[in-house]
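As stored in upload05.txt (compact mmCIF, C-alpha atoms):
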```txt
# COMPACT_ATOMS: atom_id res chain seq x y z
CA MET O 28 53.38 -16.78 82.42
CA LYS O 29 56.89 -15.36 82.29
CA LYS O 30 58.07 -13.96 78.96
CA SER O 31 61.64 -12.91 78.45
CA GLN O 32 64.02 -11.42 75.98
CA ALA O 33 67.80 -11.51 76.18
CA MET O 34 70.17 -9.40 74.11
CA THR O 35 73.93 -9.21 74.07
CA ILE O 36 75.45 -6.20 72.42
CA SER O 37 78.83 -4.66 71.78
CA PRO O 38 79.48 -1.65 74.01
CA GLU O 39 78.82 0.90 71.28
CA TRP O 40 76.62 3.93 71.94
CA ASP O 41 74.77 3.47 68.63
CA GLU O 42 73.55 0.06 69.80
CA ILE O 43 71.35 1.70 72.44
CA GLU O 44 68.77 2.89 69.93
CA MET O 45 68.55 -0.61 68.46
CA VAL O 46 67.97 -2.08 71.95
CA ARG O 47 65.40 0.64 72.69
CA ASN O 48 63.46 -0.24 69.55
CA LYS O 49 63.62 -4.01 70.17
CA SER O 50 62.60 -3.62 73.82
CA SER O 51 59.74 -1.33 72.95
CA LYS O 52 58.47 -3.82 70.36
CA PHE O 53 58.81 -6.68 72.87
CA PHE O 54 56.72 -4.78 75.44
CA GLU O 55 54.06 -3.89 72.85
CA GLN O 56 53.85 -7.46 71.53
CA ASN O 57 53.25 -8.68 75.06
CA GLY O 58 50.34 -6.35 75.71
CA ILE O 59 52.08 -3.89 78.02
CA PRO O 60 50.06 -0.63 78.17
CA ASP O 61 51.47 2.22 76.02
CA GLU O 62 52.45 4.49 78.90
CA ILE O 63 54.35 1.64 80.59
CA VAL O 64 56.05 0.74 77.28
CA HIS O 65 57.58 4.20 77.23
CA SER O 66 58.74 4.22 80.85
CA ALA O 67 60.06 0.63 80.74
CA THR O 68 61.96 1.41 77.53
CA MET O 69 63.44 4.46 79.25
CA VAL O 70 64.57 2.18 82.11
CA VAL O 71 66.29 -0.17 79.63
CA SER O 72 67.93 2.76 77.91
CA GLU O 73 69.23 4.48 81.06
CA LEU O 74 70.63 1.25 82.54
CA LEU O 75 72.29 0.40 79.24
CA GLU O 76 73.84 3.87 78.96
CA ASN O 77 75.40 3.37 82.41
CA GLY O 78 76.60 -0.13 81.46
CA ILE O 79 78.38 1.20 78.39
CA LYS O 80 79.75 4.27 80.19
CA TYR O 81 81.18 2.51 83.22
CA GLY O 82 81.89 -1.04 82.04
CA ASP O 83 85.36 -2.45 81.46
CA PHE O 84 85.56 -3.57 77.85
CA SER O 85 89.31 -3.79 77.63
CA LYS O 86 89.19 -7.55 77.12
CA ASN O 87 88.37 -8.82 73.67
CA LYS O 88 84.75 -9.60 72.99
CA SER O 89 83.51 -8.00 76.23
CA ARG O 90 79.81 -7.36 75.80
CA VAL O 91 76.83 -5.86 77.58
CA GLY O 92 73.88 -8.10 78.42
CA VAL O 93 70.30 -6.88 78.53
CA ASP O 94 67.67 -9.22 79.96
CA ILE O 95 64.03 -8.30 80.15
CA SER O 96 61.34 -10.43 81.70
CA ILE O 97 57.64 -9.80 81.99
CA ASN O 98 55.67 -11.41 84.78
CA SER O 99 52.00 -10.97 85.58
CA ASN O 100 52.42 -7.54 87.21
CA THR O 101 56.08 -6.68 86.93
CA ILE O 102 58.76 -6.05 84.34
CA THR O 103 62.34 -6.81 85.34
CA VAL O 104 65.19 -5.22 83.41
CA GLU O 105 68.73 -6.41 84.05
CA VAL O 106 71.85 -4.98 82.47
CA SER O 107 75.18 -6.72 83.03
CA ASN O 108 78.68 -5.74 82.06
CA PRO O 109 82.24 -6.47 83.18
CA VAL O 110 83.80 -4.06 85.67
CA ASN O 111 87.33 -3.67 86.96
CA GLU O 112 88.92 -1.96 89.96
CA VAL O 113 88.78 1.39 88.14
CA ALA O 114 84.99 1.13 88.24
CA TYR O 115 84.93 0.72 92.03
CA ALA O 116 84.38 4.44 92.45
CA TYR O 117 81.33 4.07 90.22
CA LEU O 118 80.12 1.09 92.29
CA LYS O 119 80.40 3.21 95.44
CA THR O 120 78.40 5.98 93.77
CA LEU O 121 75.87 3.45 92.53
CA ASP O 122 75.42 2.04 96.03
CA LYS O 123 75.27 5.50 97.60
CA THR O 124 72.73 6.74 95.05
CA ILE O 125 70.46 3.72 95.46
CA GLN O 126 70.55 4.09 99.26
CA TRP O 127 69.92 7.82 98.91
CA ILE O 128 66.86 7.24 96.69
CA ARG O 129 65.51 4.67 99.17
CA GLY O 130 65.75 7.30 101.88
CA PHE O 131 62.89 9.24 100.28
CA GLN O 132 59.29 8.15 100.76
CA ASP O 133 58.44 9.36 97.27
CA PRO O 134 61.02 9.08 94.44
CA PHE O 135 59.63 12.34 93.05
CA GLN O 136 61.22 14.15 95.99
CA ALA O 137 64.56 12.47 95.30
CA TYR O 138 64.28 13.42 91.64
CA THR O 139 63.54 17.10 92.28
CA GLU O 140 66.34 17.29 94.86
CA MET O 141 68.75 15.91 92.27
CA LEU O 142 67.41 18.31 89.60
CA LYS O 143 68.14 21.27 91.91
CA GLU O 144 71.65 20.01 92.64
CA VAL O 145 72.54 19.33 89.00
CA SER O 146 71.07 22.63 87.78
CA ARG O 147 73.59 24.57 89.88
CA LYS O 148 76.62 22.87 88.33
CA PRO O 149 78.62 24.64 85.61
CA MET O 150 77.33 24.31 82.03
CA SER O 151 80.56 22.55 81.09
CA ASP O 152 79.95 19.73 83.60
CA GLU O 153 78.46 16.94 81.45
CA ASN O 154 77.83 14.53 84.34
CA SER O 155 74.11 14.37 84.91
CA GLY O 156 73.81 11.76 87.65
CA LEU O 157 70.08 11.81 86.92
CA GLY O 158 69.77 8.36 85.30
CA LEU O 159 69.10 6.22 88.39
CA VAL O 160 66.82 8.68 90.11
CA ARG O 161 64.89 9.14 86.86
CA ILE O 162 64.43 5.35 86.69
CA ALA O 163 63.06 5.42 90.25
CA TYR O 164 60.73 8.35 89.61
CA GLU O 165 59.57 8.14 85.98
CA GLY O 166 59.92 4.39 85.76
CA ASP O 167 58.46 3.91 89.25
CA ALA O 168 61.09 1.19 89.60
CA ILE O 169 63.05 -0.41 92.39
CA ILE O 170 66.76 -0.57 91.59
CA ASP O 171 69.34 -3.01 92.89
CA PHE O 172 72.76 -4.37 91.89
CA PHE O 173 75.37 -7.01 92.61
CA VAL O 174 78.83 -7.88 91.38
CA SER O 175 79.57 -11.53 90.65
CA ASP O 176 82.83 -13.31 91.56
CA GLU O 177 83.73 -13.07 87.87
CA GLY O 178 83.60 -9.27 88.03
CA ILE O 179 80.28 -8.86 86.23
CA LEU O 180 78.11 -5.99 87.44
CA ASN O 181 74.40 -6.68 87.22
CA VAL O 182 72.05 -3.75 87.74
CA SER O 183 68.34 -4.49 87.85
CA ALA O 184 65.18 -2.43 87.91
CA ILE O 185 61.74 -3.81 88.69
CA VAL O 186 58.82 -1.91 87.23
CA ASP O 187 55.30 -2.59 88.53
CA TYR O 188 52.45 -2.21 86.07
CA MET A 28 55.51 41.51 63.38
CA LYS A 29 58.96 40.74 62.03
CA PHE A 30 59.88 37.07 61.48
CA GLU A 31 63.44 36.06 60.81
CA SER A 32 63.84 32.87 58.77
CA PRO A 33 64.15 29.88 61.09
CA GLU A 34 67.56 28.48 61.94
CA VAL A 35 67.77 24.70 62.07
CA PHE A 36 70.36 22.78 64.09
CA GLU A 37 70.58 19.02 63.65
CA ASN A 38 72.60 16.42 65.48
CA ASN A 39 71.95 12.70 65.06
CA LEU A 40 68.25 12.16 65.83
CA LEU A 41 67.64 15.60 67.34
CA LYS A 42 66.55 18.75 65.53
CA LEU A 43 66.30 22.19 67.15
CA THR A 44 64.55 24.93 65.18
CA LEU A 45 65.01 28.52 66.28
CA GLN A 46 62.47 31.07 65.15
CA GLU A 47 62.99 34.70 66.10
CA THR A 48 60.32 37.38 65.95
CA ASN A 49 60.31 41.01 67.12
CA ASP A 50 59.61 40.03 70.67
CA SER A 51 60.37 36.35 71.07
CA ILE A 52 62.69 33.46 70.35
CA GLU A 53 61.11 30.07 69.92
CA VAL A 54 63.10 26.84 70.22
CA LYS A 55 61.25 23.83 68.84
CA TRP A 56 62.55 20.38 69.78
CA ASN A 57 61.99 17.50 67.36
CA GLY A 58 62.98 13.84 67.32
CA LYS A 59 65.08 12.09 69.95
CA SER A 60 67.99 13.25 72.08
CA THR A 61 70.11 10.19 72.81
CA ASP A 62 73.73 11.32 72.56
CA ARG A 63 76.31 10.32 75.14
CA GLU A 64 77.05 13.99 75.81
CA PRO A 65 74.06 15.88 74.42
CA GLY A 66 75.15 19.09 76.15
CA VAL A 67 77.99 19.50 73.65
CA PHE A 68 75.38 20.18 70.97
CA ILE A 69 72.56 21.66 73.07
CA SER A 70 74.30 23.93 75.60
CA PRO A 71 75.90 26.42 73.16
CA ILE A 72 72.58 26.84 71.34
CA LEU A 73 70.60 27.42 74.53
CA LEU A 74 73.22 29.73 76.01
CA ASN A 75 73.12 31.77 72.81
CA VAL A 76 69.32 31.97 73.02
CA LEU A 77 69.56 33.12 76.64
CA GLU A 78 72.11 35.77 75.68
CA LEU A 79 70.01 37.03 72.73
CA SER A 80 66.96 37.14 74.95
CA SER A 81 68.78 39.28 77.53
CA ARG A 82 70.37 41.55 74.92
CA ASP A 83 67.22 42.16 72.84
CA ASN A 84 64.71 41.79 75.64
CA LYS A 85 62.90 38.91 73.93
CA ASP A 86 60.83 36.17 75.54
CA ILE A 87 61.99 32.57 75.13
CA ARG A 88 59.55 29.79 74.33
CA MET A 89 60.90 26.23 74.37
CA ASP A 90 58.45 23.85 72.75
CA PHE A 91 59.06 20.16 73.49
CA ARG A 92 55.76 18.76 72.18
CA ALA A 93 57.35 17.11 69.13
CA LEU A 94 60.17 15.56 71.15
CA GLU A 95 59.85 11.77 71.14
CA TYR A 96 62.47 10.87 73.73
CA MET A 97 65.34 12.38 75.68
CA ASN A 98 67.88 10.62 77.85
CA SER A 99 68.68 11.90 81.33
CA SER A 100 71.86 13.59 80.07
CA THR A 101 69.63 15.85 77.95
CA ILE A 102 67.76 17.06 81.02
CA THR A 103 71.02 18.45 82.43
CA PRO A 104 71.56 21.36 79.95
CA ILE A 105 67.83 22.15 80.02
CA ILE A 106 67.65 22.55 83.80
CA LYS A 107 70.89 24.53 83.87
CA ILE A 108 69.33 27.02 81.44
CA LEU A 109 66.14 27.14 83.54
CA GLU A 110 68.18 27.81 86.67
CA ARG A 111 70.09 30.59 84.91
CA ALA A 112 66.85 32.11 83.57
CA LYS A 113 65.37 31.92 87.06
CA ARG A 114 68.31 33.88 88.48
CA GLY A 115 68.22 36.36 85.59
CA THR A 116 65.50 38.54 84.12
CA ASN A 117 64.55 36.51 81.05
CA LYS A 118 60.98 35.43 80.43
CA LEU A 119 61.11 31.75 79.55
CA THR A 120 58.20 29.39 78.92
CA VAL A 121 58.58 25.64 78.55
CA ILE A 122 55.74 24.02 76.59
CA TYR A 123 55.12 20.27 76.71
CA ASP A 124 52.39 17.80 75.78
CA LYS A 125 50.49 16.93 78.94
CA THR A 126 48.65 14.08 77.19
CA LEU A 127 51.92 12.15 76.79
CA LYS A 128 52.63 10.50 80.14
CA TRP A 129 56.40 10.56 79.72
CA GLN A 130 56.39 14.28 78.88
CA ASP A 131 54.05 14.99 81.78
CA LEU A 132 56.34 13.14 84.22
CA SER A 133 59.55 14.65 82.84
CA PHE A 134 58.44 18.24 82.43
CA SER A 135 56.01 18.70 85.32
CA ALA A 136 58.98 17.97 87.62
CA LEU A 137 60.65 21.07 86.15
CA GLU A 138 58.02 23.22 87.87
CA ILE A 139 60.55 23.58 90.69
CA PHE A 140 62.25 26.12 88.42
CA GLN A 141 59.07 28.12 87.92
CA THR A 142 59.06 31.63 89.39
CA GLN A 143 56.07 32.89 91.37
CA ASP A 144 55.33 35.60 88.79
CA LYS A 145 55.50 32.95 85.99
CA ARG A 146 58.44 34.76 84.37
CA VAL A 147 59.83 31.25 84.14
CA GLU A 148 56.88 28.99 83.45
CA ILE A 149 56.41 25.29 82.76
CA LYS A 150 53.21 24.83 80.78
CA GLY A 151 51.61 21.48 79.92
CA LEU A 152 49.18 21.73 77.01
CA THR A 153 46.41 19.22 76.30
```

Full structure transcribed into structure tokens:
Amino acid sequence: MKKSQAMTISPEWDEIEMVRNKSSKFFEQNGIPDEIVHSATMVVSELLENGIKYGDFSKNKSRVGVDISINSNTITVEVSNPVNEVAYAYLKTLDKTIQWIRGFQDPFQAYTEMLKEVSRKPMSDENSGLGLVRIAYEGDAIIDFFVSDEGILNVSAIVDY
Amino acid sequence: MKFESPEVFENNLLKLTLQETNDSIEVKWNGKSTDREPGVFISPILLNVLELSSRDNKDIRMDFRALEYMNSSTITPIIKILERAKRGTNKLTVIYDKTLKWQDLSFSALEIFQTQDKRVEIKGLT
């Protein structure tokens, strides 16, 4: 039986911890094993961080949506947020990164490659670029995305358990 | 053995405790690291530790066992310090809790920064 939880939040960084706690509780209440609770909550958190970082919230009342559904053997996490033409560079990076991850047989290899690359950047460079590849490796998740005609970006991750 | 009193650095949900002895500097990580740009808080502390270690020839021990969660942006300053230690002469040991699956996944991947002579070492404790 499918169980789901939907949250809509304002694009404030402090909201992430609240969503993390609610998601974690939702997973626990639905009998998800402890180790999966942690990795699935990490997936929610990383996708939400990206949604807040790269979304377009210039219009009043723009929000970020977080939808979680649990099926018999999978957890699907979807984060949606409005994007504008400024975010197109991010969409290109998102697409490129997802394709790049898929090019590896084992996401662990993709993750360690990215770790090496990021570690050589200057200390002052705050961009990690590790979020998606961490989701693929630690969350053992398959990532995908689409942009609706209304300009809403939806990024999803499917975690098997 | 000489123990300096520990220095505590706190930022939101994260606490770093630095304990210096005659021959080592220990950095204990507690709580959660969830900032948007965690490097702003973490990097200066870790760079200072690296500098002190080089100047006074002290070993660094970074203990993550009490860390509950870190976002991917937190991994960035950590691996940059590991890379710098690897290229330098510092002895640096990362300690994590191998019984926690998330710590095992996160920190065992950092073994790519380990040196053959274990001068830089990633150690999972059970």

Residues of chain O within 6 Å of chain A, only C-alpha atoms counted, as number ranges by chain | O: 146, 155, 157-158

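Between CA of Leu79 in chain A and CA of Pro33 in chain A the separation is 14.9 Å.
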
Using only the atoms of range 61-79 of chain O listed in the file, plus 4 Å on each side, state the axis-aligned box centre and edge lengths in Å rounded to one decimal, as JSON.
```
{"center_x": 64.9, "center_y": 2.2, "center_z": 79.3, "size_x": 34.9, "size_y": 12.7, "size_z": 14.5}
```

Contacts of Ser183 in chain O at 10 Å (all atoms listed in the file; same-chain gap of 6+ positions) as an mmCIF file with C-alpha atoms, in the frame of the given file:
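Wrote it out as part14.cif, contents follow:
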```
data_model
loop_
_atom_site.group_PDB
_atom_site.id
_atom_site.type_symbol
_atom_site.label_atom_id
_atom_site.label_comp_id
_atom_site.auth_asym_id
_atom_site.auth_seq_id
_atom_site.Cartn_x
_atom_site.Cartn_y
_atom_site.Cartn_z
ATOM 1 C CA VAL O 70 64.570 2.180 82.110
ATOM 2 C CA VAL O 71 66.290 -0.170 79.630
ATOM 3 C CA LEU O 74 70.630 1.250 82.540
ATOM 4 C CA VAL O 93 70.300 -6.880 78.530
ATOM 5 C CA ASP O 94 67.670 -9.220 79.960
ATOM 6 C CA ILE O 95 64.030 -8.300 80.150
ATOM 7 C CA THR O 103 62.340 -6.810 85.340
ATOM 8 C CA VAL O 104 65.190 -5.220 83.410
ATOM 9 C CA GLU O 105 68.730 -6.410 84.050
ATOM 10 C CA VAL O 106 71.850 -4.980 82.470
ATOM 11 C CA SER O 107 75.180 -6.720 83.030
ATOM 12 C CA ALA O 168 61.090 1.190 89.600
ATOM 13 C CA ILE O 169 63.050 -0.410 92.390
ATOM 14 C CA ILE O 170 66.760 -0.570 91.590
ATOM 15 C CA ASP O 171 69.340 -3.010 92.890
ATOM 16 C CA PHE O 172 72.760 -4.370 91.890
ATOM 17 C CA PHE O 173 75.370 -7.010 92.610
#
```

Atom-to-atom span, CA of Ile125 in chain O and CA of Asn181 in chain O, Å =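 Computing it gives 13.8 Å between the two atoms.
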
Between CA of Asn154 in chain O and CA of Gly115 in chain A, measure the distance and give it in Å to one decimal.
-> 23.9 Å
